[in-house]
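Asker: What follows is query09.cif; its format and atoms are mmCIF, C-alpha atoms.
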data_coords
loop_
_atom_site.label_atom_id
_atom_site.label_comp_id
_atom_site.auth_asym_id
_atom_site.auth_seq_id
_atom_site.Cartn_x
_atom_site.Cartn_y
_atom_site.Cartn_z
CA MET A 16 -99.40 50.78 95.71
CA LEU A 17 -102.08 48.37 94.46
CA LYS A 18 -104.30 49.38 91.59
CA ARG A 19 -108.05 49.04 92.19
CA LEU A 20 -109.99 47.13 89.56
CA SER A 21 -111.88 49.15 86.96
CA ILE A 22 -115.65 48.71 86.57
CA ALA A 23 -115.12 47.03 83.19
CA VAL A 24 -112.70 44.51 84.65
CA LEU A 25 -114.99 43.85 87.60
CA LEU A 26 -117.90 43.13 85.27
CA ALA A 27 -115.72 40.82 83.19
CA LEU A 28 -114.68 39.02 86.35
CA GLY A 29 -118.27 38.67 87.50
CA ALA A 30 -117.74 40.46 90.82
CA SER A 31 -120.76 40.89 93.11
CA SER A 32 -122.48 44.21 93.58
CA GLY A 33 -121.96 44.05 97.36
CA GLN A 34 -119.23 45.79 99.35
CA ALA A 35 -115.83 44.32 98.56
CA ALA A 36 -112.16 45.18 98.49
CA GLU A 37 -110.72 44.45 95.07
CA PHE A 38 -107.08 44.30 94.08
CA LEU A 39 -105.50 43.78 90.69
CA LEU A 40 -102.18 41.94 91.04
CA THR A 41 -101.31 41.16 87.43
CA ASP A 42 -102.53 42.47 84.08
CA SER A 43 -100.42 41.72 81.01
CA GLN A 44 -102.12 44.29 78.77
CA GLN A 45 -101.34 47.05 81.25
CA GLY A 46 -97.86 45.72 81.94
CA LEU A 47 -98.91 45.55 85.59
CA ASP A 48 -97.37 43.31 88.23
CA VAL A 49 -97.38 44.31 91.91
CA GLY A 50 -94.48 42.01 92.84
CA ASP A 51 -94.39 40.65 96.37
CA TRP A 52 -97.56 41.68 98.19
CA LYS A 53 -99.65 40.81 101.24
CA ILE A 54 -103.00 41.83 102.66
CA THR A 55 -104.58 40.75 105.96
CA SER A 56 -107.99 41.02 107.57
CA ASP A 57 -106.47 43.51 110.04
CA LYS A 58 -105.13 45.76 107.26
CA LEU A 59 -108.53 45.65 105.59
CA GLY A 60 -110.24 46.58 108.85
CA ILE A 61 -112.37 43.43 108.70
CA LYS A 62 -113.41 42.03 112.06
CA SER A 63 -113.47 38.44 110.93
CA PRO A 64 -113.93 35.86 113.74
CA VAL A 65 -111.01 34.04 112.08
CA PRO A 66 -108.12 36.27 110.90
CA PHE A 67 -107.00 35.68 107.31
CA SER A 68 -104.33 36.77 104.84
CA ILE A 69 -103.50 36.62 101.14
CA GLU A 70 -99.86 36.81 100.03
CA LYS A 71 -98.17 36.92 96.64
CA LYS A 72 -94.50 36.07 96.36
CA ARG A 73 -92.03 35.25 93.61
CA LEU A 74 -89.73 32.23 93.62
CA HIS A 75 -86.08 32.28 92.57
CA GLY A 76 -83.44 29.74 91.61
CA GLY A 77 -83.37 26.73 89.35
CA ARG A 78 -86.33 25.99 87.11
CA GLN A 79 -88.71 27.84 89.42
CA GLU A 80 -87.14 31.21 88.65
CA GLY A 81 -89.86 33.81 88.18
CA VAL A 82 -92.77 31.66 89.36
CA ASP A 83 -95.48 33.50 91.32
CA LEU A 84 -97.26 31.87 94.25
CA LEU A 85 -100.46 33.17 95.79
CA ILE A 86 -101.03 31.85 99.32
CA VAL A 87 -104.51 32.16 100.81
CA ASP A 88 -104.57 31.55 104.58
CA ASN A 89 -108.18 31.45 105.76
CA GLY A 90 -107.29 30.67 109.37
CA VAL A 91 -107.76 26.90 109.16
CA MET A 92 -105.90 26.05 105.94
CA LYS A 93 -103.37 27.50 103.53
CA ILE A 94 -104.06 27.18 99.82
CA THR A 95 -101.06 27.72 97.55
CA LEU A 96 -102.04 28.73 94.03
CA VAL A 97 -99.61 29.06 91.14
CA PRO A 98 -100.73 31.79 88.70
CA THR A 99 -97.63 31.11 86.58
CA ARG A 100 -98.83 27.54 86.08
CA GLY A 101 -102.36 28.07 84.82
CA MET A 102 -103.79 29.00 88.24
CA GLY A 103 -103.20 25.45 89.46
CA ILE A 104 -103.03 24.58 93.15
CA LYS A 105 -99.70 23.35 94.50
CA GLU A 106 -101.07 22.12 97.85
CA VAL A 107 -103.57 22.74 100.62
CA LYS A 108 -102.41 22.50 104.22
CA GLY A 109 -104.72 22.19 107.21
CA ALA A 110 -103.73 21.81 110.86
CA ASP A 111 -103.35 18.03 110.60
CA LEU A 112 -104.06 17.33 106.95
CA ARG A 113 -102.48 18.06 103.59
CA LEU A 114 -103.99 17.80 100.14
CA GLY A 115 -101.15 17.17 97.73
CA TRP A 116 -98.37 14.67 97.16
CA ASP A 117 -94.60 14.24 96.97
CA SER A 118 -93.47 14.19 93.36
CA PRO A 119 -89.91 13.60 92.18
CA VAL A 120 -90.34 17.11 90.69
CA LYS A 121 -89.33 19.24 93.69
CA GLU A 122 -89.42 22.74 92.20
CA VAL A 123 -92.48 24.68 91.06
CA VAL A 124 -91.32 24.67 87.46
CA ASN A 125 -91.71 27.75 85.31
CA PRO A 126 -93.42 26.79 82.01
CA ALA A 127 -90.58 28.57 80.20
CA PHE A 128 -88.41 25.55 81.06
CA ILE A 129 -90.88 22.92 79.81
CA ASP A 130 -91.11 21.51 76.29
CA LEU A 131 -94.52 19.82 76.15
CA GLU A 132 -93.59 17.88 73.01
CA SER A 133 -90.41 16.30 74.43
CA ARG A 134 -90.35 12.57 75.22
CA ALA A 135 -92.91 11.94 72.45
CA GLY A 136 -95.39 14.35 73.99
CA LEU A 137 -94.76 13.62 77.68
CA GLY A 138 -92.90 16.84 78.52
CA TRP A 139 -95.84 17.90 80.72
CA LEU A 140 -94.48 15.50 83.36
CA ASP A 141 -91.41 17.73 83.85
CA GLY A 142 -93.55 20.07 85.97
CA PHE A 143 -96.15 17.68 87.39
CA ASN A 144 -96.30 17.97 91.19
CA GLU A 145 -99.48 19.91 91.99
CA MET A 146 -102.49 18.96 94.07
CA LEU A 147 -104.83 20.28 91.37
CA VAL A 148 -103.99 20.42 87.67
CA ARG A 149 -106.36 21.57 84.94
CA CYS A 150 -105.85 19.28 81.96
CA GLY A 151 -107.21 20.92 78.81
CA TYR A 152 -108.87 22.90 77.46
CA GLU A 153 -108.07 22.65 73.75
CA TRP A 154 -107.40 18.95 74.33
CA THR A 155 -106.50 16.54 77.11
CA GLY A 156 -105.59 12.88 77.64
CA HIS A 157 -102.66 10.77 76.56
CA PRO A 158 -100.41 12.09 73.79
CA GLY A 159 -100.99 11.09 70.22
CA VAL A 160 -101.04 12.27 66.64
CA ASP A 161 -104.34 13.88 65.74
CA ASP A 162 -106.22 13.40 62.48
CA ASP A 163 -104.51 16.48 61.05
CA GLY A 164 -101.05 14.97 61.69
CA ARG A 165 -100.19 17.23 64.61
CA LEU A 166 -98.91 15.87 67.94
CA LYS A 167 -101.28 16.46 70.83
CA SER A 168 -99.10 16.38 73.95
CA LEU A 169 -100.11 14.91 77.30
CA HIS A 170 -103.03 16.67 79.02
CA GLY A 171 -103.07 19.85 76.99
CA ARG A 172 -101.46 23.23 77.52
CA VAL A 173 -103.45 25.22 80.05
CA GLN A 174 -101.44 24.19 83.12
CA ASN A 175 -98.29 25.56 81.47
CA ILE A 176 -99.72 28.95 80.50
CA PRO A 177 -99.17 31.83 82.95
CA ALA A 178 -102.29 33.76 83.90
CA SER A 179 -102.58 37.09 82.06
CA VAL A 180 -104.78 38.67 84.74
CA VAL A 181 -104.81 37.87 88.47
CA SER A 182 -107.03 39.59 91.03
CA VAL A 183 -108.14 39.22 94.63
CA THR A 184 -111.55 40.25 95.97
CA VAL A 185 -112.49 40.18 99.64
CA ASP A 186 -116.13 40.62 100.62
CA GLU A 187 -116.44 43.27 103.34
CA GLU A 188 -119.62 41.73 104.72
CA PRO A 189 -119.96 38.37 106.53
CA PRO A 190 -118.91 35.70 105.86
CA TYR A 191 -115.99 37.71 104.31
CA ALA A 192 -115.46 35.36 101.38
CA ILE A 193 -112.14 35.57 99.55
CA HIS A 194 -112.11 35.21 95.75
CA VAL A 195 -108.97 34.70 93.66
CA ARG A 196 -109.53 35.10 89.93
CA GLY A 197 -107.23 34.50 87.00
CA ARG A 198 -107.53 34.61 83.23
CA VAL A 199 -105.65 31.98 81.24
CA ASP A 200 -105.55 32.30 77.43
CA GLU A 201 -105.09 29.50 74.91
CA ARG A 202 -104.63 31.66 71.84
CA THR A 203 -102.83 30.32 68.76
CA PHE A 204 -103.05 31.81 65.29
CA LYS A 205 -105.28 29.65 63.07
CA MET A 206 -105.78 27.13 65.90
CA SER A 207 -107.76 28.33 68.90
CA GLU A 208 -108.90 31.31 70.93
CA LEU A 209 -110.10 29.79 74.19
CA VAL A 210 -110.12 32.00 77.29
CA THR A 211 -110.72 30.66 80.80
CA TRP A 212 -111.59 32.80 83.80
CA THR A 213 -110.77 30.71 86.87
CA GLN A 214 -112.07 31.53 90.33
CA LEU A 215 -111.25 30.04 93.71
CA SER A 216 -113.52 31.09 96.59
CA VAL A 217 -113.01 30.36 100.26
CA VAL A 218 -114.61 31.52 103.51
CA PRO A 219 -112.46 32.23 106.59
CA GLY A 220 -112.67 29.39 109.09
CA GLN A 221 -114.11 26.84 106.65
CA ALA A 222 -112.12 23.78 105.56
CA GLU A 223 -113.32 23.79 101.97
CA PHE A 224 -112.91 25.80 98.79
CA ALA A 225 -114.91 26.17 95.60
CA LEU A 226 -113.74 26.44 92.00
CA GLN A 227 -115.80 28.14 89.33
CA ASP A 228 -114.22 28.21 85.88
CA LYS A 229 -115.77 29.85 82.83
CA LEU A 230 -114.45 28.83 79.41
CA THR A 231 -115.28 31.04 76.41
CA ASN A 232 -114.57 30.58 72.73
CA HIS A 233 -113.53 34.01 71.40
CA ALA A 234 -112.95 32.76 67.85
CA ASP A 235 -115.29 33.16 64.87
CA TYR A 236 -115.32 29.40 64.43
CA GLU A 237 -116.47 26.58 66.67
CA ASN A 238 -113.79 25.01 68.83
CA GLU A 239 -113.39 21.61 70.45
CA TYR A 240 -112.72 21.51 74.17
CA GLN A 241 -111.94 18.91 76.84
CA ILE A 242 -111.15 19.19 80.53
CA ILE A 243 -110.01 16.87 83.29
CA TYR A 244 -109.65 18.27 86.82
CA HIS A 245 -106.66 16.20 87.93
CA GLY A 246 -106.89 16.24 91.76
CA ASN A 247 -103.93 14.43 93.35
CA PHE A 248 -103.67 13.02 96.87
CA GLY A 249 -100.80 11.37 98.73
CA ALA A 250 -99.90 11.02 102.41
CA PRO A 251 -101.32 11.34 104.99
CA ILE A 252 -104.58 10.31 103.30
CA LEU A 253 -103.13 7.76 100.89
CA GLU A 254 -101.71 4.69 102.60
CA GLU A 255 -102.13 0.92 102.61
CA GLY A 256 -105.79 0.27 103.38
CA ALA A 257 -107.02 3.68 102.25
CA HIS A 258 -110.08 3.67 100.01
CA VAL A 259 -112.04 5.74 97.51
CA SER A 260 -115.83 6.16 97.55
CA THR A 261 -118.10 7.46 94.81
CA PRO A 262 -121.55 6.49 93.50
CA VAL A 263 -121.00 4.46 90.35
CA LYS A 264 -123.22 3.60 87.43
CA GLN A 265 -120.50 1.93 85.40
CA ILE A 266 -116.77 1.24 85.74
CA SER A 267 -114.20 -0.23 83.37
CA PRO A 268 -110.40 -0.56 83.24
CA PHE A 269 -108.57 1.98 81.10
CA ASN A 270 -106.38 -0.70 79.56
CA ASP A 271 -105.51 -4.39 79.85
CA TYR A 272 -103.05 -3.75 82.70
CA ALA A 273 -105.81 -2.29 84.87
CA LYS A 274 -108.02 -5.38 84.43
CA ALA A 275 -106.15 -7.08 87.26
CA GLY A 276 -107.18 -4.34 89.69
CA LEU A 277 -110.85 -4.08 88.81
CA ASP A 278 -112.03 -6.20 91.78
CA THR A 279 -110.09 -4.01 94.23
CA TRP A 280 -110.49 -0.62 92.54
CA GLN A 281 -111.80 1.02 95.73
CA THR A 282 -108.82 0.12 97.97
CA TYR A 283 -105.14 1.04 97.91
CA ALA A 284 -101.91 -0.87 98.41
CA GLY A 285 -98.95 0.62 100.21
CA PRO A 286 -95.93 1.85 98.24
CA THR A 287 -95.09 -0.93 95.79
CA LYS A 288 -91.96 -0.99 93.65
CA GLY A 289 -92.72 -1.98 90.08
CA PHE A 290 -96.37 -0.97 90.27
CA ASP A 291 -97.39 0.65 87.01
CA GLU A 292 -100.27 3.09 87.10
CA MET A 293 -103.79 1.66 87.06
CA VAL A 294 -106.58 3.80 85.66
CA PHE A 295 -110.32 3.23 85.77
CA ASN A 296 -113.08 4.90 83.77
CA ILE A 297 -116.15 5.68 85.87
CA LYS A 298 -119.59 6.88 84.90
CA PRO A 299 -120.86 8.39 88.18
CA LEU A 300 -124.37 8.49 89.53
CA ALA A 301 -125.78 11.82 90.74
CA ASP A 302 -128.63 13.11 92.87
CA GLU A 303 -131.78 14.89 91.66
CA ASN A 304 -129.75 18.11 91.27
CA HIS A 305 -127.14 16.36 89.10
CA GLU A 306 -124.57 16.69 91.90
CA THR A 307 -122.25 13.88 92.89
CA LEU A 308 -119.38 13.25 95.30
CA ALA A 309 -116.09 11.40 95.33
CA ALA A 310 -113.98 10.91 98.45
CA VAL A 311 -110.58 9.46 99.27
CA VAL A 312 -110.18 8.32 102.89
CA ASN A 313 -107.31 6.95 104.99
CA LYS A 314 -107.26 3.48 106.54
CA ALA A 315 -108.60 4.61 109.94
CA GLY A 316 -111.48 6.47 108.32
CA ASP A 317 -110.74 9.70 110.18
CA LYS A 318 -108.99 11.76 107.47
CA GLY A 319 -109.83 12.39 103.87
CA ALA A 320 -110.94 14.74 101.13
CA SER A 321 -114.11 14.99 99.09
CA ILE A 322 -114.90 16.52 95.71
CA GLN A 323 -118.38 17.64 94.72
CA PHE A 324 -119.20 18.33 91.07
CA ASP A 325 -122.07 18.63 88.58
CA THR A 326 -122.40 15.72 86.16
CA ARG A 327 -124.05 17.96 83.54
CA GLN A 328 -120.76 19.85 83.36
CA LEU A 329 -118.36 16.99 84.14
CA PRO A 330 -120.09 13.72 83.21
CA VAL A 331 -117.22 11.26 83.74
CA LEU A 332 -114.70 10.45 86.46
CA THR A 333 -111.20 9.03 86.04
CA LEU A 334 -109.55 7.19 88.93
CA TRP A 335 -105.74 7.12 88.70
CA LYS A 336 -103.94 4.77 91.10
CA ASN A 337 -100.16 5.26 91.14
CA THR A 338 -99.07 3.40 94.27
CA ASP A 339 -95.43 3.21 93.25
CA THR A 340 -92.60 3.87 95.74
CA LEU A 341 -92.56 7.03 97.85
CA LYS A 342 -89.59 8.46 95.92
CA GLN A 343 -91.15 7.65 92.56
CA GLY A 344 -94.44 9.36 93.48
CA TYR A 345 -97.03 7.59 95.67
CA VAL A 346 -100.28 9.24 94.61
CA THR A 347 -103.85 8.79 93.49
CA GLY A 348 -105.86 11.03 91.20
CA ILE A 349 -109.60 11.68 91.56
CA GLU A 350 -110.43 13.36 88.27
CA PRO A 351 -113.85 14.67 87.18
CA GLY A 352 -113.93 15.61 83.52
CA THR A 353 -115.68 15.91 80.20
CA SER A 354 -113.45 13.14 78.85
CA TYR A 355 -111.48 10.11 79.88
CA ALA A 356 -107.70 10.12 79.47
CA TYR A 357 -107.54 8.45 76.06
CA PRO A 358 -105.97 10.42 73.18
CA VAL A 359 -108.25 12.99 71.59
CA THR A 360 -108.79 10.84 68.47
CA ILE A 361 -110.38 8.10 70.60
CA GLU A 362 -112.43 10.51 72.70
CA ARG A 363 -113.68 12.18 69.52
CA GLU A 364 -114.73 8.81 68.06
CA GLN A 365 -116.62 8.05 71.28
CA LYS A 366 -118.29 11.48 71.14
CA ARG A 367 -116.93 12.79 74.43
CA VAL A 368 -115.12 15.75 72.85
CA LYS A 369 -117.33 18.83 73.25
CA GLN A 370 -117.88 21.71 70.83
CA LEU A 371 -118.06 25.37 71.81
CA GLN A 372 -119.72 27.70 69.33
CA PRO A 373 -118.27 31.16 68.49
CA GLY A 374 -118.78 33.50 71.44
CA ALA A 375 -120.26 30.73 73.58
CA SER A 376 -119.22 29.91 77.15
CA THR A 377 -119.45 26.93 79.45
CA GLN A 378 -118.86 26.66 83.19
CA PHE A 379 -117.40 24.14 85.63
CA ASP A 380 -118.15 24.14 89.37
CA LEU A 381 -116.35 21.97 91.95
CA THR A 382 -116.03 22.02 95.74
CA TYR A 383 -113.10 20.43 97.60
CA THR A 384 -113.50 19.68 101.33
CA LEU A 385 -110.92 18.59 103.90
CA LEU A 386 -112.29 15.86 106.16
CA HIS A 387 -110.62 16.08 109.57
CA ASP A 388 -112.41 13.41 111.62
CA SER A 389 -114.44 10.22 111.44
CA ALA A 390 -117.77 12.05 111.76
CA GLN A 391 -117.05 14.19 108.69
CA VAL A 392 -115.91 11.15 106.74
CA ALA A 393 -119.03 9.21 107.76
CA ALA A 394 -121.30 12.08 106.69
CA VAL A 395 -119.77 12.22 103.22
CA GLU A 396 -119.88 8.46 102.78
CA GLN A 397 -123.53 8.45 103.85
CA LYS A 398 -124.32 10.97 101.10
CA ILE A 399 -122.48 8.80 98.60
CA ALA A 400 -124.42 5.73 99.76
CA GLN A 401 -127.71 7.63 99.40
CA ILE A 402 -126.88 8.56 95.80
CA GLN A 403 -125.87 4.96 95.06
CA GLY A 404 -129.07 3.64 96.62
CA ASP A 405 -130.07 0.25 95.23
CA ASN A 406 -128.34 0.87 91.92
CA LYS A 407 -125.97 -1.93 91.03
CA VAL A 408 -122.52 -1.12 89.70
CA ALA A 409 -122.06 -2.29 86.13
CA GLU A 410 -118.50 -3.62 85.90
CA ASN A 411 -117.19 -3.94 82.38
CA GLU A 412 -114.00 -6.00 82.32
CA THR A 413 -113.18 -4.91 78.77
CA PRO A 414 -111.57 -1.49 78.25
CA ILE A 415 -113.91 0.80 76.34
CA ALA A 416 -111.10 1.71 73.94
CA LYS A 417 -107.64 0.67 72.84
CA GLU A 418 -104.81 3.19 72.47
#
Any chance you could put this one into structure tokens?

Answerer:
Amino acid sequence: MLKRLSIAVLLALGASSGQAAEFLLTDSQQGLDVGDWKITSDKLGIKSPVPFSIEKKRLHGGRQEGVDLLIVDNGVMKITLVPTRGMGIKEVKGADLRLGWDSPVKEVVNPAFIDLESRAGLGWLDGFNEMLVRCGYEWTGHPGVDDDGRLKSLHGRVQNIPASVVSVTVDEEPPYAIHVRGRVDERTFKMSELVTWTQLSVVPGQAEFALQDKLTNHADYENEYQIIYHGNFGAPILEEGAHVSTPVKQISPFNDYAKAGLDTWQTYAGPTKGFDEMVFNIKPLADENHETLAAVVNKAGDKGASIQFDTRQLPVLTLWKNTDTLKQGYVTGIEPGTSYAYPVTIEREQKRVKQLQPGASTQFDLTYTLLHDSAQVAAVEQKIAQIQGDNKVAENETPIAKE
């Protein structure tokens, strides 16, 4: 039988004061894990116009042994979260649209089987196959040796840390929003004490979901932090002739290899053997509320996905184009962040590494929307065009840094 959340836990999670059904699925301090579990709108007695369900199940076999999935079906899409992997999102499936990609990594790999420091700091790639990966928070970017002589592995640790607390809250009043919360701890003696409460919220019948993450420094000393929200998209959106749209103030290639693709950064080739990844650093424009949008759209312009974010929280955008073969991983990344993907030493020199004072918190808010038809795509691209306005894009052919 599920354990109801205590008032203290609810306050820590930031739950609303309205009527809601709350369920605690995992709590490491209590030694609590409910195992396989499912709740539906019918079982809750909620008369939602669109029936919904939330299911937790455990995977077995191979390197995915012991991994928990949490599947939120809101009636029009299924969101598969992975609490065992930092509350990342494996994929989102709509009726005719999928957000995600096909990686050579076929299993949902348990972090217990990953050595982040292997392959000179590239061990993170052993589990990389999700639609949404949080890269951070203690550091992110390409691997490298920090000023203190320690190796900083690719894209940080948070995606390979199982959530210590997982809960589900369902509002019992319209529009019956579903909230999945998880706490992921980056605690290392003498190093860091960063705690992130993640929250995914979705409304039954709506083809979008919101993320609200709160990062807190629980140490007595200030702590650096970085984050890149690595959103990854493959077929059916990504294809030859697909394109990306976002309002741009400035763009530059990540390295010399990407210089050759600067003129065509907005469009995609089909699967191309021998294509190395091309990465572009973007400084986005935003509206009067500091909000901006990025969208990736198929060739026909009738399917896509958009990401809305706040440039005060996430001031830069990384575009990752990996149009290699289908088996190798045909994928693009649309990645709002506090930093670009250079090693932390470079990002620190360029003053993009943030500081969090003792006891202080910071928050990140993003909304992901599935675009199912040409009218929805056109509406998003119109908003992007309005933000761009008459502002010219400053193209810098020289990479802003050298690794």

Asker: Would you kindly translate the PyMOL selection byres ((chain A and resi 289) around 12) into the concrete residues it picks from this file, as JSON, numbers by chain?

Answerer: {"A": [286, 287, 288, 290, 291, 292, 337, 338, 339, 340, 341, 343, 344, 345]}

Asker: I'd like the contact shell of A:Glu364 - 12 Å cut-off, only C-alpha atoms, skipping same-chain residues fewer than 2 positions apart - returned as a compact mmCIF listing (two decimals) with C-alpha atoms, keeping the file's coordinate frame.

Answerer:
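So the final result, stored in around.txt, reads:
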# COMPACT_ATOMS: atom_id res chain seq x y z
CA ASP A 161 -104.34 13.88 65.74
CA ASP A 162 -106.22 13.40 62.48
CA SER A 354 -113.45 13.14 78.85
CA TYR A 357 -107.54 8.45 76.06
CA PRO A 358 -105.97 10.42 73.18
CA VAL A 359 -108.25 12.99 71.59
CA THR A 360 -108.79 10.84 68.47
CA ILE A 361 -110.38 8.10 70.60
CA GLU A 362 -112.43 10.51 72.70
CA LYS A 366 -118.29 11.48 71.14
CA ARG A 367 -116.93 12.79 74.43
CA VAL A 368 -115.12 15.75 72.85
CA LYS A 369 -117.33 18.83 73.25
CA ILE A 415 -113.91 0.80 76.34
CA ALA A 416 -111.10 1.71 73.94
CA LYS A 417 -107.64 0.67 72.84

Asker: Around (-111.8, 11.5, 87.1), as given in the file, which residues come within 6 Å? Count all atoms listed in the file and list them as a PyMOL selection string.

Answerer: chain A and resi 332-334+349-352

Asker: Deliver the residues from the most recent selection as a file, using C-alpha atoms, as a tab-separated table (two decimals), in the frame of the given file.

Answerer:
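For reference, again-v3.tsv as written:
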chain	number	residue	atom	x	y	z
A	332	LEU	CA	-114.70	10.45	86.46
A	333	THR	CA	-111.20	9.03	86.04
A	334	LEU	CA	-109.55	7.19	88.93
A	349	ILE	CA	-109.60	11.68	91.56
A	350	GLU	CA	-110.43	13.36	88.27
A	351	PRO	CA	-113.85	14.67	87.18
A	352	GLY	CA	-113.93	15.61	83.52

Asker: Determine the residue membership of the PyMOL selection byres ((chain A and resi 169) around 12) for the file above and supply it as a PyMOL selection string.

Answerer: chain A and resi 130-141+143+149-160+166-168+170-175+243+356-359

Asker: If we count all atoms listed in the file and set the cut-off at 6 Å, which residues sit around A:Asp88, ignoring sequence neighbours fewer than 3 positions away in its own chain? Please answer as a PyMOL selection string.

Answerer: chain A and resi 67-68+92-93

Asker: Might you pull out every residue within 10 Å of stretch 310-324 of chain A, with all atoms listed in the file counted and same-chain residues fewer than 2 positions away left off, and present them as a compact mmCIF listing (two decimals) with C-alpha atoms, in the frame of the given file?

Answerer:
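Dumped to out.txt:
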# COMPACT_ATOMS: atom_id res chain seq x y z
CA ASP A 111 -103.35 18.03 110.60
CA LEU A 112 -104.06 17.33 106.95
CA ARG A 113 -102.48 18.06 103.59
CA LEU A 114 -103.99 17.80 100.14
CA GLU A 223 -113.32 23.79 101.97
CA PHE A 224 -112.91 25.80 98.79
CA ALA A 225 -114.91 26.17 95.60
CA LEU A 226 -113.74 26.44 92.00
CA GLY A 246 -106.89 16.24 91.76
CA PHE A 248 -103.67 13.02 96.87
CA GLY A 249 -100.80 11.37 98.73
CA ALA A 250 -99.90 11.02 102.41
CA PRO A 251 -101.32 11.34 104.99
CA ILE A 252 -104.58 10.31 103.30
CA LEU A 253 -103.13 7.76 100.89
CA GLU A 254 -101.71 4.69 102.60
CA GLU A 255 -102.13 0.92 102.61
CA GLY A 256 -105.79 0.27 103.38
CA ALA A 257 -107.02 3.68 102.25
CA HIS A 258 -110.08 3.67 100.01
CA VAL A 259 -112.04 5.74 97.51
CA SER A 260 -115.83 6.16 97.55
CA THR A 261 -118.10 7.46 94.81
CA GLN A 281 -111.80 1.02 95.73
CA THR A 282 -108.82 0.12 97.97
CA TYR A 283 -105.14 1.04 97.91
CA ALA A 301 -125.78 11.82 90.74
CA HIS A 305 -127.14 16.36 89.10
CA GLU A 306 -124.57 16.69 91.90
CA THR A 307 -122.25 13.88 92.89
CA LEU A 308 -119.38 13.25 95.30
CA THR A 326 -122.40 15.72 86.16
CA ARG A 327 -124.05 17.96 83.54
CA GLN A 328 -120.76 19.85 83.36
CA LEU A 329 -118.36 16.99 84.14
CA PRO A 330 -120.09 13.72 83.21
CA THR A 347 -103.85 8.79 93.49
CA GLY A 348 -105.86 11.03 91.20
CA ILE A 349 -109.60 11.68 91.56
CA GLU A 350 -110.43 13.36 88.27
CA PRO A 351 -113.85 14.67 87.18
CA GLY A 352 -113.93 15.61 83.52
CA PHE A 379 -117.40 24.14 85.63
CA ASP A 380 -118.15 24.14 89.37
CA LEU A 381 -116.35 21.97 91.95
CA THR A 382 -116.03 22.02 95.74
CA TYR A 383 -113.10 20.43 97.60
CA THR A 384 -113.50 19.68 101.33
CA LEU A 385 -110.92 18.59 103.90
CA LEU A 386 -112.29 15.86 106.16
CA HIS A 387 -110.62 16.08 109.57
CA ASP A 388 -112.41 13.41 111.62
CA SER A 389 -114.44 10.22 111.44
CA ALA A 390 -117.77 12.05 111.76
CA GLN A 391 -117.05 14.19 108.69
CA VAL A 392 -115.91 11.15 106.74
CA ALA A 393 -119.03 9.21 107.76
CA VAL A 395 -119.77 12.22 103.22
CA GLU A 396 -119.88 8.46 102.78
CA ILE A 399 -122.48 8.80 98.60

Asker: Hey, could you make a per-residue contact list for stretch 219-302 of chain A against stretch 58-64 of chain A with 12 Å as the cut-off, showing the nearest pair of atoms and its distance in Å to one decimal, counting all atoms listed in the file, sorted by chain and number, as a tab-separated table?

Answerer:
residue	atom	partner	partner_atom	distance
A:Pro219	CA	A:Ser63	CA	7.6
A:Gly220	CA	A:Pro64	CA	8.1
A:Gln221	CA	A:Pro64	CA	11.5

Asker: To one decimal place in Å, what is the distance between atom CA of A:Glu106 and atom CA of A:Leu47?

Answerer: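 Value for the atom CA of A:Glu106-atom CA of A:Leu47 distance: 26.5 Å.
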
Asker: Which is closer to A:His194 than all the others in A:Leu300, A:Val181, A:Val82, A:Ile176, using all atoms listed in the file?

Answerer: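 Closest to A:His194, using all atoms listed in the file: A:Val181.
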
Asker: Find, counting only C-alpha atoms, the residue in A:Gly164, A:Pro190, A:Gly101, A:Gly285 that gets nearest to A:Asn125.

Answerer: A:Gly101

Asker: Any idea what the distance is between atom CA of A:Pro177 and atom CA of A:Ala35?

Answerer: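 Separation of atom CA of A:Pro177 and atom CA of A:Ala35: 26.0 Å.
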
Asker: Which is closest to A:Ser207 among A:Gly50, A:Pro373, A:Arg165, A:Lys298, if we use all atoms listed in the file?

Answerer: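 Looking at the shortest contact to A:Ser207, the residue is A:Pro373.
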
Asker: Because the input lacks atoms here, generate N, CA and C atoms for stretch 100-106 of chain A and report them as a PDB file, keeping the file's coordinate frame.

Answerer:
ATOM      1  N   ARG A 100     -98.518  28.858  86.621  1.00  0.00           N
ATOM      2  CA  ARG A 100     -98.830  27.540  86.080  1.00  0.00           C
ATOM      3  C   ARG A 100    -100.349  27.373  85.976  1.00  0.00           C
ATOM      4  N   GLY A 101    -100.959  28.238  85.162  1.00  0.00           N
ATOM      5  CA  GLY A 101    -102.360  28.070  84.820  1.00  0.00           C
ATOM      6  C   GLY A 101    -103.337  28.180  85.963  1.00  0.00           C
ATOM      7  N   MET A 102    -102.944  28.865  87.050  1.00  0.00           N
ATOM      8  CA  MET A 102    -103.790  29.000  88.240  1.00  0.00           C
ATOM      9  C   MET A 102    -104.038  27.660  88.929  1.00  0.00           C
ATOM     10  N   GLY A 103    -103.087  26.722  88.745  1.00  0.00           N
ATOM     11  CA  GLY A 103    -103.200  25.450  89.460  1.00  0.00           C
ATOM     12  C   GLY A 103    -102.976  25.618  90.946  1.00  0.00           C
ATOM     13  N   ILE A 104    -103.200  24.554  91.698  1.00  0.00           N
ATOM     14  CA  ILE A 104    -103.030  24.580  93.150  1.00  0.00           C
ATOM     15  C   ILE A 104    -101.899  23.630  93.521  1.00  0.00           C
ATOM     16  N   LYS A 105    -100.841  24.181  94.114  1.00  0.00           N
ATOM     17  CA  LYS A 105     -99.700  23.350  94.500  1.00  0.00           C
ATOM     18  C   LYS A 105    -100.058  22.412  95.646  1.00  0.00           C
ATOM     19  N   GLU A 106    -100.677  22.956  96.704  1.00  0.00           N
ATOM     20  CA  GLU A 106    -101.070  22.120  97.850  1.00  0.00           C
ATOM     21  C   GLU A 106    -102.029  22.903  98.720  1.00  0.00           C
TER      22      GLU A 106
END
